[in-house]
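Down below is the structure, laid out as C-alpha cells.
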Amino acid sequence: MNIVGKRKLWFLISIILVVPGTIALFVWGLKPGIDFTGGQEMEITGTTNQSLAREIVGKAGVKDITVTTSGQDKLLIRYSDKDSGDSEVIHQNIKTLLAQNGLSETAFSSVGPSVSRDITRNALLGVGLASLAILLYIAFAFRNAPPPVSPWSFGGTAIIALLHDALLLLGVFAILGHFFGVQVDALFVTAVLTVIGFSVHDTIVVYDRIRENLRRLNKPFEEVVNISINETLARSLNTSITVILVLTAFFLFGGESIKYFVLALLIGIISGTYSSIFNASPLLVVYNNWKIKRAAKK
Amino acid sequence: MKLNTKLYLIAALVAVLVLIALPREDKILSAVGIKDTALKIRLGLDLQGGASLTYQADLTKIPSADRAKAIDGVINVINKRVNSSGTSEVVVQTSGSDRVSVQLPGISDIDQAIGLIGKTAELSFFKVGTDNIPQATELSGKDLQNATADIDVQTGQPVISFQMKNDAVQKFADLTKEINLSGGRLLIVLDNQPLFNGTVSTPITDGKGQMQGFASLKAAQDTSVLLNAGALPVPIKLVEQRAVGASLGTESIQKSLVAGAIGLLAVLIFMIAYYRLAGLVAGGALVIYTLIVLDIFKLSSISQTPIVLTLAGIAGFVLSIGMAVDANILIFERMKEEVRDGSTVQSGMEAGFKRAWTSIRDSNVSTLITCLILYISGIPIIKGFAVTLALGVVVSMFTAITISKTFMEAVVRTKLGSKPSSYRIKEAKR
C-alpha cells in the first residue's frame, strides 16, 4: 500500500476530522465539571422526569441547576450552593425534598473552590509535563537515529501526531458538551493523557521500524518509510482492535459511571492508530523533503 | 535453562497464582501453616459504597514549625470521633500540606459523620456569679478523663456522666466548692451549646459529674464521642465530599466484571482467529497475566501500601490488557515476517522475540512515563488509574518475554506447531 505517496489525502482526512472539533473547542469550549469549577453533583433514582427533578432541587434555593440523564433510570443533577448558605443544610433539605417525592440519592459529590483550583492546576501541569517528558524520551530513544532523520524530527512529528489526537478528542467533547451537556472531569484528563501515551506508543513502534530499515535497506528515505509503515500495519491495527474490543465491551456493558471516560479512550485510541500510521511517518517525509529543498536553495 | 524446566516452573507459578487468586485462599493457606491471612482486594469507595471527605485545616494562626503537629492532632481527633470503637476500616490521612482526607467505607449515615467531624468541640467551664456574668475558669476539655452517655434510671432522661482527670479533680473540687459557697451556677459549654447550667448542691470532690438536657440518647452519645475525642487543635472546613451508595458500587462491580469478561473473551477469539496457534499461546499468557495482576492486588492488601481498586483502576487494567496483547502481537508479526522471508517457524520465532523487544520496551516506557506523571498529579481518581495501568504494563512485559516465549518454544517443537499454516502464515516464496 502506498501510504506515504497519498499523504496529502491522509492529511486532508485529518484536517476534515480535526478542524470542526477544534472550532467547537475555541467557540464553545469544554463544559468543565465540578472537579474544575467546584459545586455539587448528585445522582438520583426513582424518576426520569427531568423537570420534576429540577423543580424539587430548585426549591432548595440553589443556582445553576442542570439535569441530565444517567443511564436508563437515573438522573444526574448538578447545582451550585455558592452564596445559598450552609452546604450541609442545603444538601439535607434536598434529600428531604427528594424523599417526599419518593426519590432517593445514589451518589453525591461536592467540591469546594480550593480543591477544584488544585485539580485544575495539577491537571494542566500533568498534561504539560507529560508532553515534555514524552518529547524528551523520544529524542533520547532515537538519539542514534541514522541519517537523514534527526532525533528531534522523530520527536517533533510524534508530538504533531499526539496533538492531532488530543485536539480531535477535545473537539468531540466540546461538541458533545455543547449539544448534550457532557461535562469533562478529572477522569477526562486521565483519558487525554492516556491517549497521548498510547499515540506515542503506537508511533514509536513505526519509528522503531523506520530506524531499523534505514540501516538495513539501501533505498530512498520516502520508500523506506513506506515499507516500514506497511510492515508494522498489521501490528498497529491488531493491537488497536484488541484495545477497541475491550473498551467497546466496557462502553456497552460497563455502566454509566465511566461511560464517557471509556468513550474518550475509544476516540483517542482510534485517532491514535490513524495518526501514527497516516500522519506521523508521512510527516517525517514531508519534513525531510522540506529540509532537502531548503538546502538546495542555499 | 532447559525448556522442560521452564515449563515446570510456569506450571508451579500458575499453581501458586491460582491458589492465591481463589476466593477462599485463607483456608488453603492455613492448611499449609500460614495462618490469619486476610487477602482481599481493597475496593475503592466508588465500588463498595461509602464516603470520602476532605477537610481543609485553618493553619493561619499556627506558626509554620507547629503546623505538622497541628495536622497530626486533627487526624488523631477525627480518628477518635469517627472510629470510637476502633474497629471500622476508616482511613484518616493527610492530603497535601493542609488538608485531611477521611475515607468512610460502607457508611450509611454520612451526615452524622459530617456532623461529628466538623465540630471544633471546645469544652469550657464557667462560673456564673449572682450577677449572671459567666467567668472563664482554667478547666477545659483536656481535663476530662472520659464521658459516657446513658439513660438516667431515675428520670428516664439521657445524660452524660463524666470523670475528671486525676490532676484536675482538685481544681474541679475547688471550683464547685467556690460556686457552692457563693450561691452561683456552674456552666459547661461545648462550642456554643450549654451542656450543664445549674447550681451545685455540694462540692464535688471525686471529679465525677453529670450533664443532662439532651434531645435523645443518640444526641448524648454523639456528644460523648466528641468529649472523649477532645477538641480539634485548629478549625477545619469541609472542602470536598464524594459519596457513593453501596448499591451503585455493587452495580459498578457487576457491570465491570461482565464487561471485562466479554472484552477478554472477544480479545481471545480475535487473537485465535487471526494468529491461530500463536493466538492460543497469547490467550494462555493473557490468562496468566490476569492472574498475576489479580494476585498482586490481593497480596498488596497485607502490605504497608495496599493498592485500592477503583472504577478508574479497572479501566486502567482493561487498557493494560490491550498493552499485554500488544507485546504478543509485535512478536508474532515479526515472526510472520521472518517465516515469510524463508526461515523456519522455530528460528522465525526466536528472531521475532529478539527483534520485537526494542519496540516493546520503547513503546511501554512512554506509557510508563505517562503513568508516572499521572501518579504525581496527586488527584486520587487519576492515581488509581495510573497505578493499575503501570502495573499492567510492567507485568505484561514480563509475561510476554517469559511465559509467551516458553509456550511458543514448546509449541514450535510439536508437529502441528512447526507448520507455518498453523499460524496463518503463507509458505515462504522459495
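Every chain in the C-alpha cells takes a letter, A first, then B, and so on in the order presented; its residues are numbered from 1, and the ligands are numbered from 1 following the presented order.
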
For chain A, report every residue with an atom at most 8 Å from chain B (counting only C-alpha atoms), formatted as a PDB file with N, CA and C atoms, in the first residue's frame.
```pdb
ATOM      1  N   GLU A  88     -24.154  21.795  53.913  1.00  0.00           N
ATOM      2  CA  GLU A  88     -24.726  20.598  54.524  1.00  0.00           C
ATOM      3  C   GLU A  88     -26.229  20.723  54.713  1.00  0.00           C
ATOM      4  N   GLU A 105     -31.246   9.461  46.681  1.00  0.00           N
ATOM      5  CA  GLU A 105     -29.934   9.805  46.159  1.00  0.00           C
ATOM      6  C   GLU A 105     -29.055   8.559  46.136  1.00  0.00           C
ATOM      7  N   THR A 106     -28.357   8.318  45.019  1.00  0.00           N
ATOM      8  CA  THR A 106     -27.470   7.156  44.977  1.00  0.00           C
ATOM      9  C   THR A 106     -26.000   7.556  45.060  1.00  0.00           C
ATOM     10  N   ALA A 107     -25.714   8.793  44.715  1.00  0.00           N
ATOM     11  CA  ALA A 107     -24.329   9.261  44.823  1.00  0.00           C
ATOM     12  C   ALA A 107     -24.336  10.770  44.959  1.00  0.00           C
ATOM     13  N   PHE A 108     -23.379  11.298  45.680  1.00  0.00           N
ATOM     14  CA  PHE A 108     -23.307  12.744  45.867  1.00  0.00           C
ATOM     15  C   PHE A 108     -21.854  13.184  45.914  1.00  0.00           C
ATOM     16  N   SER A 109     -21.558  14.257  45.197  1.00  0.00           N
ATOM     17  CA  SER A 109     -20.219  14.830  45.273  1.00  0.00           C
ATOM     18  C   SER A 109     -20.328  16.320  45.484  1.00  0.00           C
ATOM     19  N   SER A 110     -19.436  16.829  46.286  1.00  0.00           N
ATOM     20  CA  SER A 110     -19.378  18.265  46.493  1.00  0.00           C
ATOM     21  C   SER A 110     -17.913  18.658  46.473  1.00  0.00           C
ATOM     22  N   VAL A 111     -17.566  19.615  45.633  1.00  0.00           N
ATOM     23  CA  VAL A 111     -16.167  20.016  45.513  1.00  0.00           C
ATOM     24  C   VAL A 111     -16.055  21.504  45.794  1.00  0.00           C
ATOM     25  N   GLY A 112     -15.250  21.848  46.773  1.00  0.00           N
ATOM     26  CA  GLY A 112     -15.070  23.251  47.136  1.00  0.00           C
ATOM     27  C   GLY A 112     -14.136  23.953  46.177  1.00  0.00           C
ATOM     28  N   PRO A 113     -14.159  25.298  46.176  1.00  0.00           N
ATOM     29  CA  PRO A 113     -13.347  26.056  45.208  1.00  0.00           C
ATOM     30  C   PRO A 113     -11.849  25.810  45.361  1.00  0.00           C
ATOM     31  N   SER A 114     -11.363  25.630  46.583  1.00  0.00           N
ATOM     32  CA  SER A 114      -9.917  25.454  46.735  1.00  0.00           C
ATOM     33  C   SER A 114      -9.481  24.116  46.137  1.00  0.00           C
ATOM     34  N   VAL A 115     -10.324  23.098  46.304  1.00  0.00           N
ATOM     35  CA  VAL A 115      -9.999  21.780  45.755  1.00  0.00           C
ATOM     36  C   VAL A 115     -10.047  21.811  44.227  1.00  0.00           C
ATOM     37  N   ILE A 119      -7.173  20.833  41.520  1.00  0.00           N
ATOM     38  CA  ILE A 119      -7.335  19.800  40.498  1.00  0.00           C
ATOM     39  C   ILE A 119      -7.011  20.392  39.128  1.00  0.00           C
ATOM     40  N   ASN A 122      -3.221  20.962  38.793  1.00  0.00           N
ATOM     41  CA  ASN A 122      -2.495  19.703  38.649  1.00  0.00           C
ATOM     42  C   ASN A 122      -2.767  19.046  37.301  1.00  0.00           C
ATOM     43  N   ALA A 123      -4.006  19.177  36.812  1.00  0.00           N
ATOM     44  CA  ALA A 123      -4.354  18.573  35.535  1.00  0.00           C
ATOM     45  C   ALA A 123      -3.573  19.244  34.405  1.00  0.00           C
ATOM     46  N   LEU A 125      -0.822  21.007  34.652  1.00  0.00           N
ATOM     47  CA  LEU A 125       0.584  20.708  34.871  1.00  0.00           C
ATOM     48  C   LEU A 125       0.916  19.312  34.340  1.00  0.00           C
ATOM     49  N   GLY A 126      -0.006  18.371  34.603  1.00  0.00           N
ATOM     50  CA  GLY A 126       0.185  16.982  34.173  1.00  0.00           C
ATOM     51  C   GLY A 126       0.279  16.873  32.667  1.00  0.00           C
ATOM     52  N   LEU A 129       3.589  18.502  31.500  1.00  0.00           N
ATOM     53  CA  LEU A 129       4.740  17.680  31.871  1.00  0.00           C
ATOM     54  C   LEU A 129       4.823  16.418  31.025  1.00  0.00           C
ATOM     55  N   ALA A 130       3.657  15.790  30.813  1.00  0.00           N
ATOM     56  CA  ALA A 130       3.632  14.538  30.060  1.00  0.00           C
ATOM     57  C   ALA A 130       4.138  14.772  28.645  1.00  0.00           C
ATOM     58  N   ALA A 133       7.913  15.374  28.754  1.00  0.00           N
ATOM     59  CA  ALA A 133       8.652  14.156  29.085  1.00  0.00           C
ATOM     60  C   ALA A 133       8.682  13.214  27.893  1.00  0.00           C
ATOM     61  N   ILE A 134       7.550  13.134  27.170  1.00  0.00           N
ATOM     62  CA  ILE A 134       7.480  12.222  26.033  1.00  0.00           C
ATOM     63  C   ILE A 134       8.396  12.692  24.903  1.00  0.00           C
ATOM     64  N   TYR A 137      11.819  11.875  25.891  1.00  0.00           N
ATOM     65  CA  TYR A 137      12.036  10.435  25.839  1.00  0.00           C
ATOM     66  C   TYR A 137      12.251   9.950  24.407  1.00  0.00           C
ATOM     67  N   ALA A 141      15.342   8.086  23.024  1.00  0.00           N
ATOM     68  CA  ALA A 141      15.250   6.723  22.490  1.00  0.00           C
ATOM     69  C   ALA A 141      15.799   6.647  21.066  1.00  0.00           C
ATOM     70  N   ALA A 186     -12.030  15.116  36.122  1.00  0.00           N
ATOM     71  CA  ALA A 186     -10.630  14.703  36.312  1.00  0.00           C
ATOM     72  C   ALA A 186     -10.316  13.445  35.508  1.00  0.00           C
ATOM     73  N   LEU A 187     -11.309  12.549  35.404  1.00  0.00           N
ATOM     74  CA  LEU A 187     -11.087  11.321  34.639  1.00  0.00           C
ATOM     75  C   LEU A 187     -10.839  11.616  33.166  1.00  0.00           C
ATOM     76  N   THR A 190      -7.375  12.227  32.596  1.00  0.00           N
ATOM     77  CA  THR A 190      -6.688  10.934  32.562  1.00  0.00           C
ATOM     78  C   THR A 190      -6.780  10.328  31.172  1.00  0.00           C
ATOM     79  N   LEU A 193      -4.464  12.117  28.767  1.00  0.00           N
ATOM     80  CA  LEU A 193      -3.064  11.740  28.979  1.00  0.00           C
ATOM     81  C   LEU A 193      -2.792  10.311  28.512  1.00  0.00           C
ATOM     82  N   THR A 194      -3.757   9.428  28.734  1.00  0.00           N
ATOM     83  CA  THR A 194      -3.572   8.041  28.311  1.00  0.00           C
ATOM     84  C   THR A 194      -3.520   7.950  26.794  1.00  0.00           C
ATOM     85  N   GLY A 197      -0.251   9.002  25.651  1.00  0.00           N
ATOM     86  CA  GLY A 197       0.696   7.912  25.863  1.00  0.00           C
ATOM     87  C   GLY A 197       0.554   6.830  24.808  1.00  0.00           C
ATOM     88  N   PHE A 198      -0.687   6.473  24.504  1.00  0.00           N
ATOM     89  CA  PHE A 198      -0.954   5.409  23.538  1.00  0.00           C
ATOM     90  C   PHE A 198      -0.532   5.820  22.132  1.00  0.00           C
ATOM     91  N   VAL A 200       1.752   7.899  21.282  1.00  0.00           N
ATOM     92  CA  VAL A 200       3.203   7.861  21.176  1.00  0.00           C
ATOM     93  C   VAL A 200       3.688   6.414  21.112  1.00  0.00           C
ATOM     94  N   HIS A 201       3.088   5.576  21.932  1.00  0.00           N
ATOM     95  CA  HIS A 201       3.381   4.145  21.957  1.00  0.00           C
ATOM     96  C   HIS A 201       3.285   3.564  20.534  1.00  0.00           C
ATOM     97  N   ASP A 202       2.200   3.923  19.877  1.00  0.00           N
ATOM     98  CA  ASP A 202       1.956   3.455  18.518  1.00  0.00           C
ATOM     99  C   ASP A 202       2.977   4.014  17.528  1.00  0.00           C
ATOM    100  N   ILE A 204       5.940   5.144  18.153  1.00  0.00           N
ATOM    101  CA  ILE A 204       7.289   4.645  18.419  1.00  0.00           C
ATOM    102  C   ILE A 204       7.525   3.308  17.708  1.00  0.00           C
ATOM    103  N   VAL A 205       6.504   2.459  17.681  1.00  0.00           N
ATOM    104  CA  VAL A 205       6.665   1.152  17.034  1.00  0.00           C
ATOM    105  C   VAL A 205       6.995   1.335  15.541  1.00  0.00           C
ATOM    106  N   ASP A 208      10.487   2.907  15.210  1.00  0.00           N
ATOM    107  CA  ASP A 208      11.487   1.901  15.525  1.00  0.00           C
ATOM    108  C   ASP A 208      11.843   1.113  14.265  1.00  0.00           C
ATOM    109  N   THR A 232       4.556  -2.629   9.675  1.00  0.00           N
ATOM    110  CA  THR A 232       4.002  -2.544  11.029  1.00  0.00           C
ATOM    111  C   THR A 232       2.488  -2.365  11.011  1.00  0.00           C
ATOM    112  N   ALA A 234      -0.078  -4.354  10.191  1.00  0.00           N
ATOM    113  CA  ALA A 234      -0.892  -5.400  10.806  1.00  0.00           C
ATOM    114  C   ALA A 234      -0.826  -5.300  12.317  1.00  0.00           C
ATOM    115  N   ARG A 235       0.397  -5.078  12.812  1.00  0.00           N
ATOM    116  CA  ARG A 235       0.552  -4.953  14.263  1.00  0.00           C
ATOM    117  C   ARG A 235      -0.269  -3.774  14.808  1.00  0.00           C
ATOM    118  N   ASN A 238      -3.997  -4.594  14.614  1.00  0.00           N
ATOM    119  CA  ASN A 238      -4.411  -5.657  15.523  1.00  0.00           C
ATOM    120  C   ASN A 238      -4.386  -5.235  16.978  1.00  0.00           C
ATOM    121  N   THR A 239      -3.332  -4.522  17.353  1.00  0.00           N
ATOM    122  CA  THR A 239      -3.273  -4.039  18.731  1.00  0.00           C
ATOM    123  C   THR A 239      -4.457  -3.131  19.018  1.00  0.00           C
ATOM    124  N   SER A 240      -4.718  -2.218  18.088  1.00  0.00           N
ATOM    125  CA  SER A 240      -5.836  -1.307  18.300  1.00  0.00           C
ATOM    126  C   SER A 240      -7.150  -2.066  18.378  1.00  0.00           C
ATOM    127  N   THR A 242      -7.674  -5.067  19.503  1.00  0.00           N
ATOM    128  CA  THR A 242      -7.862  -5.690  20.820  1.00  0.00           C
ATOM    129  C   THR A 242      -8.263  -4.653  21.862  1.00  0.00           C
ATOM    130  N   VAL A 243      -7.593  -3.501  21.834  1.00  0.00           N
ATOM    131  CA  VAL A 243      -7.942  -2.458  22.807  1.00  0.00           C
ATOM    132  C   VAL A 243      -9.375  -1.978  22.566  1.00  0.00           C
ATOM    133  N   LEU A 245     -11.774  -3.648  21.241  1.00  0.00           N
ATOM    134  CA  LEU A 245     -12.712  -4.696  21.666  1.00  0.00           C
ATOM    135  C   LEU A 245     -13.030  -4.591  23.155  1.00  0.00           C
ATOM    136  N   VAL A 246     -11.993  -4.503  23.994  1.00  0.00           N
ATOM    137  CA  VAL A 246     -12.273  -4.430  25.437  1.00  0.00           C
ATOM    138  C   VAL A 246     -12.957  -3.119  25.811  1.00  0.00           C
ATOM    139  N   LEU A 247     -12.518  -2.028  25.188  1.00  0.00           N
ATOM    140  CA  LEU A 247     -13.136  -0.742  25.515  1.00  0.00           C
ATOM    141  C   LEU A 247     -14.600  -0.711  25.084  1.00  0.00           C
ATOM    142  N   THR A 248     -14.894  -1.280  23.896  1.00  0.00           N
ATOM    143  CA  THR A 248     -16.287  -1.300  23.440  1.00  0.00           C
ATOM    144  C   THR A 248     -17.148  -2.109  24.401  1.00  0.00           C
ATOM    145  N   ALA A 249     -16.594  -3.246  24.881  1.00  0.00           N
ATOM    146  CA  ALA A 249     -17.338  -4.041  25.868  1.00  0.00           C
ATOM    147  C   ALA A 249     -17.663  -3.181  27.085  1.00  0.00           C
ATOM    148  N   PHE A 250     -16.696  -2.381  27.517  1.00  0.00           N
ATOM    149  CA  PHE A 250     -16.941  -1.523  28.681  1.00  0.00           C
ATOM    150  C   PHE A 250     -17.901  -0.392  28.365  1.00  0.00           C
ATOM    151  N   LEU A 252     -20.362  -0.515  26.269  1.00  0.00           N
ATOM    152  CA  LEU A 252     -21.723  -1.038  26.155  1.00  0.00           C
ATOM    153  C   LEU A 252     -22.241  -1.601  27.470  1.00  0.00           C
ATOM    154  N   PHE A 253     -21.382  -2.306  28.217  1.00  0.00           N
ATOM    155  CA  PHE A 253     -21.879  -3.034  29.393  1.00  0.00           C
ATOM    156  C   PHE A 253     -21.313  -2.535  30.712  1.00  0.00           C
ATOM    157  N   GLY A 254     -20.405  -1.602  30.679  1.00  0.00           N
ATOM    158  CA  GLY A 254     -19.676  -1.234  31.893  1.00  0.00           C
ATOM    159  C   GLY A 254     -20.354  -0.247  32.825  1.00  0.00           C
ATOM    160  N   GLY A 255     -21.556   0.171  32.506  1.00  0.00           N
ATOM    161  CA  GLY A 255     -22.236   1.079  33.421  1.00  0.00           C
ATOM    162  C   GLY A 255     -21.986   2.541  33.086  1.00  0.00           C
ATOM    163  N   SER A 257     -21.086   5.157  35.096  1.00  0.00           N
ATOM    164  CA  SER A 257     -20.108   6.000  35.794  1.00  0.00           C
ATOM    165  C   SER A 257     -18.872   6.297  34.954  1.00  0.00           C
ATOM    166  N   ILE A 258     -18.440   5.310  34.148  1.00  0.00           N
ATOM    167  CA  ILE A 258     -17.214   5.560  33.383  1.00  0.00           C
ATOM    168  C   ILE A 258     -17.472   5.570  31.882  1.00  0.00           C
ATOM    169  N   VAL A 262     -14.628   5.971  29.024  1.00  0.00           N
ATOM    170  CA  VAL A 262     -14.328   4.914  28.063  1.00  0.00           C
ATOM    171  C   VAL A 262     -14.487   5.433  26.633  1.00  0.00           C
TER     172      VAL A 262
END
```

> Which residues, written as a PyMOL selection string, have at least one atom at most 9 Å from segment 273-275 of chain A, with only C-alpha atoms counted and residues fewer than 2 positions away on the same chain left out?
Replying inline: chain A and resi 14+161-162+164-165+198-199+202-203+236-237+240+268-271+277-281

Selection from above, C-alpha atoms, as a PDB file, in the first residue's frame, can you write it?
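The result, written out as out_20.pdb:
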```pdb
ATOM      1  CA  SER A  14      -7.213  14.515   9.367  1.00  0.00           C
ATOM      2  CA  ALA A 161       0.503  13.272  15.778  1.00  0.00           C
ATOM      3  CA  LEU A 162      -0.146  13.489  19.501  1.00  0.00           C
ATOM      4  CA  HIS A 164      -3.857  15.640  16.379  1.00  0.00           C
ATOM      5  CA  ASP A 165      -5.289  13.028  18.734  1.00  0.00           C
ATOM      6  CA  PHE A 198      -0.954   5.409  23.538  1.00  0.00           C
ATOM      7  CA  SER A 199      -0.497   7.606  20.471  1.00  0.00           C
ATOM      8  CA  ASP A 202       1.956   3.455  18.518  1.00  0.00           C
ATOM      9  CA  THR A 203       4.151   5.978  16.752  1.00  0.00           C
ATOM     10  CA  SER A 236      -0.840  -1.396  14.629  1.00  0.00           C
ATOM     11  CA  LEU A 237      -4.296  -2.441  13.515  1.00  0.00           C
ATOM     12  CA  SER A 240      -5.836  -1.307  18.300  1.00  0.00           C
ATOM     13  CA  GLY A 268      -8.419   8.757  21.288  1.00  0.00           C
ATOM     14  CA  ILE A 269      -7.169   5.280  20.526  1.00  0.00           C
ATOM     15  CA  ILE A 270      -8.839   5.119  17.128  1.00  0.00           C
ATOM     16  CA  SER A 271      -7.426   8.542  16.354  1.00  0.00           C
ATOM     17  CA  ILE A 277       0.027   5.290  10.515  1.00  0.00           C
ATOM     18  CA  PHE A 278      -1.148   8.109   8.298  1.00  0.00           C
ATOM     19  CA  ASN A 279       0.273  11.252   9.872  1.00  0.00           C
ATOM     20  CA  ALA A 280       3.387  10.753  11.950  1.00  0.00           C
ATOM     21  CA  SER A 281       5.547   8.882   9.467  1.00  0.00           C
TER      22      SER A 281
END
```

> DSSP says strand (DSSP E or B) for which residues of segment 94-296 of chain A? Put them as number ranges by chain?
Replying inline: A: 104-111, 184

>> Among segment 25-228 of chain A, which residues does DSSP mark as alpha helix (DSSP H) when it is run on the backbone? Keep the chain and numbering as in the structure and answer as number ranges by chain.
In response: A: 25-27, 34-37, 50-58, 87-100, 113-141, 151-180, 186-216, 221-228

Take the residues just selected and output them with C-alpha atoms as a CSV table (one decimal), in the first residue's frame.
```csv
chain,number,residue,atom,x,y,z
A,25,LEU,CA,-13.3,23.9,21.2
A,26,PHE,CA,-12.5,27.6,20.6
A,27,VAL,CA,-16.1,28.8,20.1
A,34,ILE,CA,-17.5,20.2,39.3
A,35,ASP,CA,-13.9,18.9,39.6
A,36,PHE,CA,-12.8,22.1,37.9
A,37,THR,CA,-15.5,24.6,38.8
A,50,GLN,CA,-36.1,16.0,34.4
A,51,SER,CA,-38.3,18.9,35.0
A,52,LEU,CA,-39.7,17.3,38.2
A,53,ALA,CA,-36.1,16.9,39.4
A,54,ARG,CA,-35.2,20.4,38.5
A,55,GLU,CA,-38.3,21.7,40.3
A,56,ILE,CA,-37.5,19.8,43.5
A,57,VAL,CA,-33.9,20.9,43.7
A,58,GLY,CA,-34.9,24.4,42.8
A,87,SER,CA,-23.8,23.3,52.1
A,88,GLU,CA,-24.7,20.6,54.5
A,89,VAL,CA,-28.1,22.1,55.4
A,90,ILE,CA,-28.9,22.6,51.7
A,91,HIS,CA,-27.9,19.0,50.9
A,92,GLN,CA,-30.1,17.8,53.8
A,93,ASN,CA,-33.0,19.9,52.5
A,94,ILE,CA,-32.7,18.5,49.0
A,95,LYS,CA,-32.6,14.9,50.3
A,96,THR,CA,-35.7,15.5,52.4
A,97,LEU,CA,-37.5,17.1,49.4
A,98,LEU,CA,-36.4,14.1,47.2
A,99,ALA,CA,-37.7,11.6,49.9
A,100,GLN,CA,-41.1,13.4,49.9
A,113,PRO,CA,-13.3,26.1,45.2
A,114,SER,CA,-9.9,25.5,46.7
A,115,VAL,CA,-10.0,21.8,45.8
A,116,SER,CA,-11.2,22.5,42.2
A,117,ARG,CA,-8.4,25.1,41.8
A,118,ASP,CA,-5.9,22.4,42.8
A,119,ILE,CA,-7.3,19.8,40.5
A,120,THR,CA,-7.3,22.2,37.6
A,121,ARG,CA,-3.7,23.3,38.2
A,122,ASN,CA,-2.5,19.7,38.6
A,123,ALA,CA,-4.4,18.6,35.5
A,124,LEU,CA,-2.8,21.3,33.4
A,125,LEU,CA,0.6,20.7,34.9
A,126,GLY,CA,0.2,17.0,34.2
A,127,VAL,CA,-0.7,17.5,30.5
A,128,GLY,CA,2.3,19.9,30.0
A,129,LEU,CA,4.7,17.7,31.9
A,130,ALA,CA,3.6,14.5,30.1
A,131,SER,CA,4.1,16.1,26.6
A,132,LEU,CA,7.5,17.4,27.6
A,133,ALA,CA,8.7,14.2,29.1
A,134,ILE,CA,7.5,12.2,26.0
A,135,LEU,CA,9.3,14.6,23.6
A,136,LEU,CA,12.5,14.2,25.6
A,137,TYR,CA,12.0,10.4,25.8
A,138,ILE,CA,11.6,10.0,22.1
A,139,ALA,CA,14.6,12.2,21.4
A,140,PHE,CA,16.5,10.1,23.8
A,141,ALA,CA,15.2,6.7,22.5
A,151,PRO,CA,16.2,12.5,16.9
A,152,TRP,CA,14.3,15.8,17.2
A,153,SER,CA,12.4,15.3,13.9
A,154,PHE,CA,11.2,12.0,15.3
A,155,GLY,CA,10.1,13.7,18.5
A,156,GLY,CA,8.6,16.7,16.7
A,157,THR,CA,6.5,14.7,14.3
A,158,ALA,CA,5.4,12.4,17.1
A,159,ILE,CA,4.2,15.4,19.0
A,160,ILE,CA,2.2,16.7,16.0
A,161,ALA,CA,0.5,13.3,15.8
A,162,LEU,CA,-0.1,13.5,19.5
A,163,LEU,CA,-1.6,17.0,19.2
A,164,HIS,CA,-3.9,15.6,16.4
A,165,ASP,CA,-5.3,13.0,18.7
A,166,ALA,CA,-5.6,15.4,21.7
A,167,LEU,CA,-7.4,18.1,19.5
A,168,LEU,CA,-9.7,15.5,18.0
A,169,LEU,CA,-10.7,14.2,21.4
A,170,LEU,CA,-11.1,17.6,22.9
A,171,GLY,CA,-13.1,18.7,19.9
A,172,VAL,CA,-15.5,15.8,20.1
A,173,PHE,CA,-16.1,16.6,23.8
A,174,ALA,CA,-16.6,20.3,23.0
A,175,ILE,CA,-19.3,19.2,20.6
A,176,LEU,CA,-20.8,16.7,23.0
A,177,GLY,CA,-20.7,19.3,25.7
A,178,HIS,CA,-22.5,21.9,23.6
A,179,PHE,CA,-25.3,19.6,22.4
A,180,PHE,CA,-25.6,17.0,25.1
A,186,ALA,CA,-10.6,14.7,36.3
A,187,LEU,CA,-11.1,11.3,34.6
A,188,PHE,CA,-11.3,13.0,31.3
A,189,VAL,CA,-7.8,14.5,31.9
A,190,THR,CA,-6.7,10.9,32.6
A,191,ALA,CA,-8.2,9.8,29.3
A,192,VAL,CA,-6.4,12.6,27.4
A,193,LEU,CA,-3.1,11.7,29.0
A,194,THR,CA,-3.6,8.0,28.3
A,195,VAL,CA,-4.4,8.7,24.7
A,196,ILE,CA,-1.3,10.8,24.4
A,197,GLY,CA,0.7,7.9,25.9
A,198,PHE,CA,-1.0,5.4,23.5
A,199,SER,CA,-0.5,7.6,20.5
A,200,VAL,CA,3.2,7.9,21.2
A,201,HIS,CA,3.4,4.1,22.0
A,202,ASP,CA,2.0,3.5,18.5
A,203,THR,CA,4.2,6.0,16.8
A,204,ILE,CA,7.3,4.6,18.4
A,205,VAL,CA,6.7,1.2,17.0
A,206,VAL,CA,6.6,2.5,13.5
A,207,TYR,CA,9.6,4.8,14.0
A,208,ASP,CA,11.5,1.9,15.5
A,209,ARG,CA,11.0,0.0,12.3
A,210,ILE,CA,12.0,3.0,10.2
A,211,ARG,CA,15.2,3.3,12.1
A,212,GLU,CA,15.9,-0.4,11.7
A,213,ASN,CA,15.1,-0.3,7.9
A,214,LEU,CA,17.2,2.8,7.3
A,215,ARG,CA,20.2,0.8,8.4
A,216,ARG,CA,19.2,-2.3,6.5
A,221,PHE,CA,14.0,7.7,2.5
A,222,GLU,CA,10.4,8.0,1.3
A,223,GLU,CA,10.4,4.4,0.2
A,224,VAL,CA,12.0,3.2,3.5
A,225,VAL,CA,9.3,5.0,5.4
A,226,ASN,CA,6.5,3.5,3.3
A,227,ILE,CA,7.9,-0.1,3.7
A,228,SER,CA,8.2,0.4,7.4
```

> Which neighbours of Asp83 of chain A fall inside 9 Å, counting only C-alpha atoms, when residues of the same chain fewer than 3 positions from it are skipped, and could you give them as a VMD selection string?
Replying inline: chain A and resid 62 80 86
